[in-house]
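A.B. asks: The structure under discussion is supplied below as structure tokens; questions concerning it will follow.
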Amino acid sequence: MKKSLVIALSIVSLLWVIYIIDLIIPIDFTGFGILPRSSSGIKGILFAPFLHLNLAHIMSNTMPLMILLTGLFWFYERIAWRVLALSVIIGDGLVWILGRSLVHVGASGVIFSLVAFFIFSAIFKKNFKALILGLFVFFLYGGIIWGVLPGQPGISWEGHMFGFITGGMLAYFFRDVEA
């Protein structure tokens, strides 16, 4: 578990370092976010999860990301990096292809992907450990499902929705990998 915590803490710390640098350096880092269907916005597929608009935004992503990343690297060590990378590339790629024409930033798409990955892994794997983990994640974060619906101004519901869909697809794809 220690290794999983260190990896999760390192990733979350990187988000915070980038956020602090963004506060200090007079450059608008949101220019590195996802701007759908634009050549300048394609770089956001990789960079958007590391960018946050304000303190409330990064704080709301910090604890869920810590918990979910720790669980991912602890229970799914063999595939954790692939699940994380594919969550970013596929989820954010879908935002770039299908999202509204505004800049999308933040790690919440990854959070939604990991929540769906854990929940759907419990369904597809049909083993006790995956089921307990999936139920635990659903208990903690099941209510976020409403975040995939449009309605809150300034919130990338597309990032949430495509992250969730991506996590479900990854759970199916990796269903034969032991938890």
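By convention in this document, the chains of the structure tokens carry letters A, B, ... by their order, each chain's residues are numbered from 1, and ligands are numbered from 1 in the order they are shown.
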Give the helix (DSSP H, G or I) residues of chain A, as DSSP finds them on the backbone, and put them as an NGL selection string.
C.D. replies: :A and (2-24 or 29-32 or 44-50 or 55-75 or 80-98 or 108-125 or 128-148 or 157-173)
A.B. asks: Residues near Gly134 (chain A), anyone? I mean within 9 Å using only C-alpha atoms, not counting same-chain ones fewer than 2 positions away, as a list in words.
C.D. replies: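 Skipping anything fewer than 2 positions along the chain leaves Val115, Ala116, Phe117, Phe118, Ile119, Phe120, Ser121, Ala122, Ile123, Lys129, Ala130, Leu131, Ile132, Phe136, Val137, Phe138 and Phe139 of chain A.
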A.B. asks: List as a list in words the protein and nucleic acid residues near Thr70 (chain A), meaning an atom at most 8 Å away when only C-alpha atoms are counted, but skip any in the same chain fewer than 3 places from it.
C.D. replies: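 What passes the distance filter is Met1, Ser4, Leu5, Ile7, Ala8, Met66, Ile67, Phe73 and Trp74 of chain A.
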A.B. asks: Just to be explicit: take each residue in the selection above, keep C-alpha atoms, and write the result as a PDB file, in the first residue's frame.
C.D. replies:
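result36.pdb was written with the following content:
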```pdb
ATOM      1  CA  MET A   1       0.000   0.000   0.000  1.00  0.00           C
ATOM      2  CA  SER A   4       0.365   3.106  -3.994  1.00  0.00           C
ATOM      3  CA  LEU A   5       0.179   6.023  -1.583  1.00  0.00           C
ATOM      4  CA  ILE A   7       2.383   7.249  -6.447  1.00  0.00           C
ATOM      5  CA  ALA A   8      -0.973   8.882  -5.668  1.00  0.00           C
ATOM      6  CA  MET A  66      -5.822  10.583  -3.726  1.00  0.00           C
ATOM      7  CA  ILE A  67      -8.269   7.875  -2.676  1.00  0.00           C
ATOM      8  CA  PHE A  73      -2.316   1.343  -7.789  1.00  0.00           C
ATOM      9  CA  TRP A  74      -2.938  -0.928  -4.810  1.00  0.00           C
TER      10      TRP A  74
END
```
A.B. asks: Give me the residues near Ile111 (chain A) as a PyMOL selection string, where near means some atom within 7 Å (using only C-alpha atoms) and where sequence neighbours in that chain fewer than 4 positions away do not count.
C.D. replies: chain A and resi 64-65+107+115
A.B. asks: Would you mind exporting N, CA and C atoms of the selected residues as an mmCIF file, in the first residue's frame?
C.D. replies:
```cif
data_model
loop_
_atom_site.group_PDB
_atom_site.id
_atom_site.type_symbol
_atom_site.label_atom_id
_atom_site.label_comp_id
_atom_site.auth_asym_id
_atom_site.auth_seq_id
_atom_site.Cartn_x
_atom_site.Cartn_y
_atom_site.Cartn_z
ATOM 1 N N PRO A 64 -10.620 13.040 -3.676
ATOM 2 C CA PRO A 64 -11.078 11.904 -4.487
ATOM 3 C C PRO A 64 -9.944 11.303 -5.322
ATOM 4 N N LEU A 65 -9.104 12.148 -5.884
ATOM 5 C CA LEU A 65 -7.986 11.646 -6.681
ATOM 6 C C LEU A 65 -7.011 10.843 -5.825
ATOM 7 N N ALA A 107 -9.012 17.643 -13.315
ATOM 8 C CA ALA A 107 -8.818 16.200 -13.181
ATOM 9 C C ALA A 107 -10.114 15.441 -12.924
ATOM 10 N N VAL A 115 -13.888 6.151 -10.896
ATOM 11 C CA VAL A 115 -15.095 5.713 -10.187
ATOM 12 C C VAL A 115 -15.812 4.648 -11.022
#
```
A.B. asks: Within 10 Å of region 34-39 of chain A, which residues of region 67-144 of chain A come that close, and what is the closest atom pair and distance in Å for each? Count only C-alpha atoms and give it as a tab-separated table.
C.D. replies:
```
residue	atom	partner	partner_atom	distance
A:Asp92	CA	A:Ile34	CA	7.6
A:Gly93	CA	A:Ile34	CA	8.8
A:Leu94	CA	A:Pro36	CA	9.0
A:Val95	CA	A:Pro36	CA	6.6
A:Trp96	CA	A:Pro36	CA	4.0
A:Ile97	CA	A:Arg37	CA	5.7
A:Leu98	CA	A:Pro36	CA	6.9
A:Gly99	CA	A:Pro36	CA	5.8
A:Arg100	CA	A:Pro36	CA	6.7
A:Ser101	CA	A:Pro36	CA	5.6
A:Leu102	CA	A:Leu35	CA	5.8
A:Val103	CA	A:Leu35	CA	4.8
A:His104	CA	A:Ile34	CA	5.0
A:Val105	CA	A:Ile34	CA	6.6
A:Gly106	CA	A:Ile34	CA	9.8
```
A.B. asks: Create the file for the chosen residues now, containing N, CA and C atoms and written as a JSON list (two decimals), in the first residue's frame.
C.D. replies:
```json
[["chain", "number", "residue", "atom", "x", "y", "z"],
["A", 92, "ASP", "N", -10.43, 12.47, -22.41],
["A", 92, "ASP", "CA", -10.19, 13.84, -22.90],
["A", 92, "ASP", "C", -10.25, 13.91, -24.42],
["A", 93, "GLY", "N", -9.87, 12.81, -25.08],
["A", 93, "GLY", "CA", -10.01, 12.78, -26.54],
["A", 93, "GLY", "C", -11.47, 12.91, -26.96],
["A", 94, "LEU", "N", -12.36, 12.24, -26.24],
["A", 94, "LEU", "CA", -13.79, 12.36, -26.53],
["A", 94, "LEU", "C", -14.29, 13.78, -26.25],
["A", 95, "VAL", "N", -13.77, 14.42, -25.21],
["A", 95, "VAL", "CA", -14.13, 15.82, -24.95],
["A", 95, "VAL", "C", -13.67, 16.69, -26.11],
["A", 96, "TRP", "N", -12.46, 16.45, -26.60],
["A", 96, "TRP", "CA", -11.94, 17.24, -27.72],
["A", 96, "TRP", "C", -12.80, 17.05, -28.97],
["A", 97, "ILE", "N", -13.26, 15.83, -29.20],
["A", 97, "ILE", "CA", -14.06, 15.54, -30.40],
["A", 97, "ILE", "C", -15.50, 16.05, -30.25],
["A", 98, "LEU", "N", -16.11, 15.86, -29.06],
["A", 98, "LEU", "CA", -17.55, 16.07, -28.92],
["A", 98, "LEU", "C", -17.97, 17.16, -27.94],
["A", 99, "GLY", "N", -17.02, 17.74, -27.21],
["A", 99, "GLY", "CA", -17.36, 18.72, -26.18],
["A", 99, "GLY", "C", -17.82, 20.06, -26.72],
["A", 100, "ARG", "N", -18.41, 20.84, -25.81],
["A", 100, "ARG", "CA", -18.80, 22.21, -26.15],
["A", 100, "ARG", "C", -17.55, 23.01, -26.47],
["A", 101, "SER", "N", -17.74, 24.06, -27.23],
["A", 101, "SER", "CA", -16.61, 24.88, -27.67],
["A", 101, "SER", "C", -16.23, 25.88, -26.58],
["A", 102, "LEU", "N", -15.63, 25.36, -25.54],
["A", 102, "LEU", "CA", -15.07, 26.18, -24.47],
["A", 102, "LEU", "C", -13.88, 25.41, -23.91],
["A", 103, "VAL", "N", -13.04, 26.07, -23.14],
["A", 103, "VAL", "CA", -11.85, 25.41, -22.62],
["A", 103, "VAL", "C", -12.23, 24.52, -21.44],
["A", 104, "HIS", "N", -11.81, 23.26, -21.50],
["A", 104, "HIS", "CA", -12.08, 22.27, -20.46],
["A", 104, "HIS", "C", -10.76, 21.97, -19.74],
["A", 105, "VAL", "N", -10.76, 22.10, -18.41],
["A", 105, "VAL", "CA", -9.58, 21.78, -17.60],
["A", 105, "VAL", "C", -10.01, 21.04, -16.34],
["A", 106, "GLY", "N", -9.06, 20.38, -15.70],
["A", 106, "GLY", "CA", -9.31, 19.74, -14.43],
["A", 106, "GLY", "C", -9.18, 18.23, -14.49]]
```
A.B. asks: Region 79-89 of chain A: which residues within 7 Å, counting only C-alpha atoms, same-chain residues fewer than 5 positions away excluded, as a PyMOL selection string?
C.D. replies: chain A and resi 45-46+72-73+110+113+163+166-167+170
A.B. asks: Any chance you can output those residues with C-alpha atoms as an mmCIF file, in the first residue's frame?
C.D. replies:
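The resulting result_3.cif:
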```
data_model
loop_
_atom_site.group_PDB
_atom_site.id
_atom_site.type_symbol
_atom_site.label_atom_id
_atom_site.label_comp_id
_atom_site.auth_asym_id
_atom_site.auth_seq_id
_atom_site.Cartn_x
_atom_site.Cartn_y
_atom_site.Cartn_z
ATOM 1 C CA ILE A 45 -5.983 16.095 -24.078
ATOM 2 C CA LEU A 46 -2.774 15.493 -22.123
ATOM 3 C CA LEU A 72 -6.026 1.859 -8.422
ATOM 4 C CA PHE A 73 -2.316 1.343 -7.789
ATOM 5 C CA VAL A 110 -10.083 11.156 -14.513
ATOM 6 C CA SER A 113 -13.273 7.438 -15.096
ATOM 7 C CA GLY A 163 -14.612 10.077 -18.177
ATOM 8 C CA THR A 166 -14.223 5.624 -20.520
ATOM 9 C CA GLY A 167 -13.931 4.050 -17.063
ATOM 10 C CA LEU A 170 -11.759 0.144 -19.462
#
```
A.B. asks: Counting only C-alpha atoms, what are the residues of region 41-73 of chain A within 10 Å of region 22-28 of chain A, and for each of them which pair of atoms is the nearest and at what distance in Å, to one decimal? Sort the table by chain and rising number, as a Markdown table.
C.D. replies:
```
| residue | atom | partner | partner_atom | distance |
| --- | --- | --- | --- | --- |
| A:Leu51 | CA | A:Asp22 | CA | 8.6 |
| A:His52 | CA | A:Asp22 | CA | 9.1 |
| A:Leu53 | CA | A:Asp22 | CA | 9.5 |
| A:Asn54 | CA | A:Leu23 | CA | 9.2 |
```
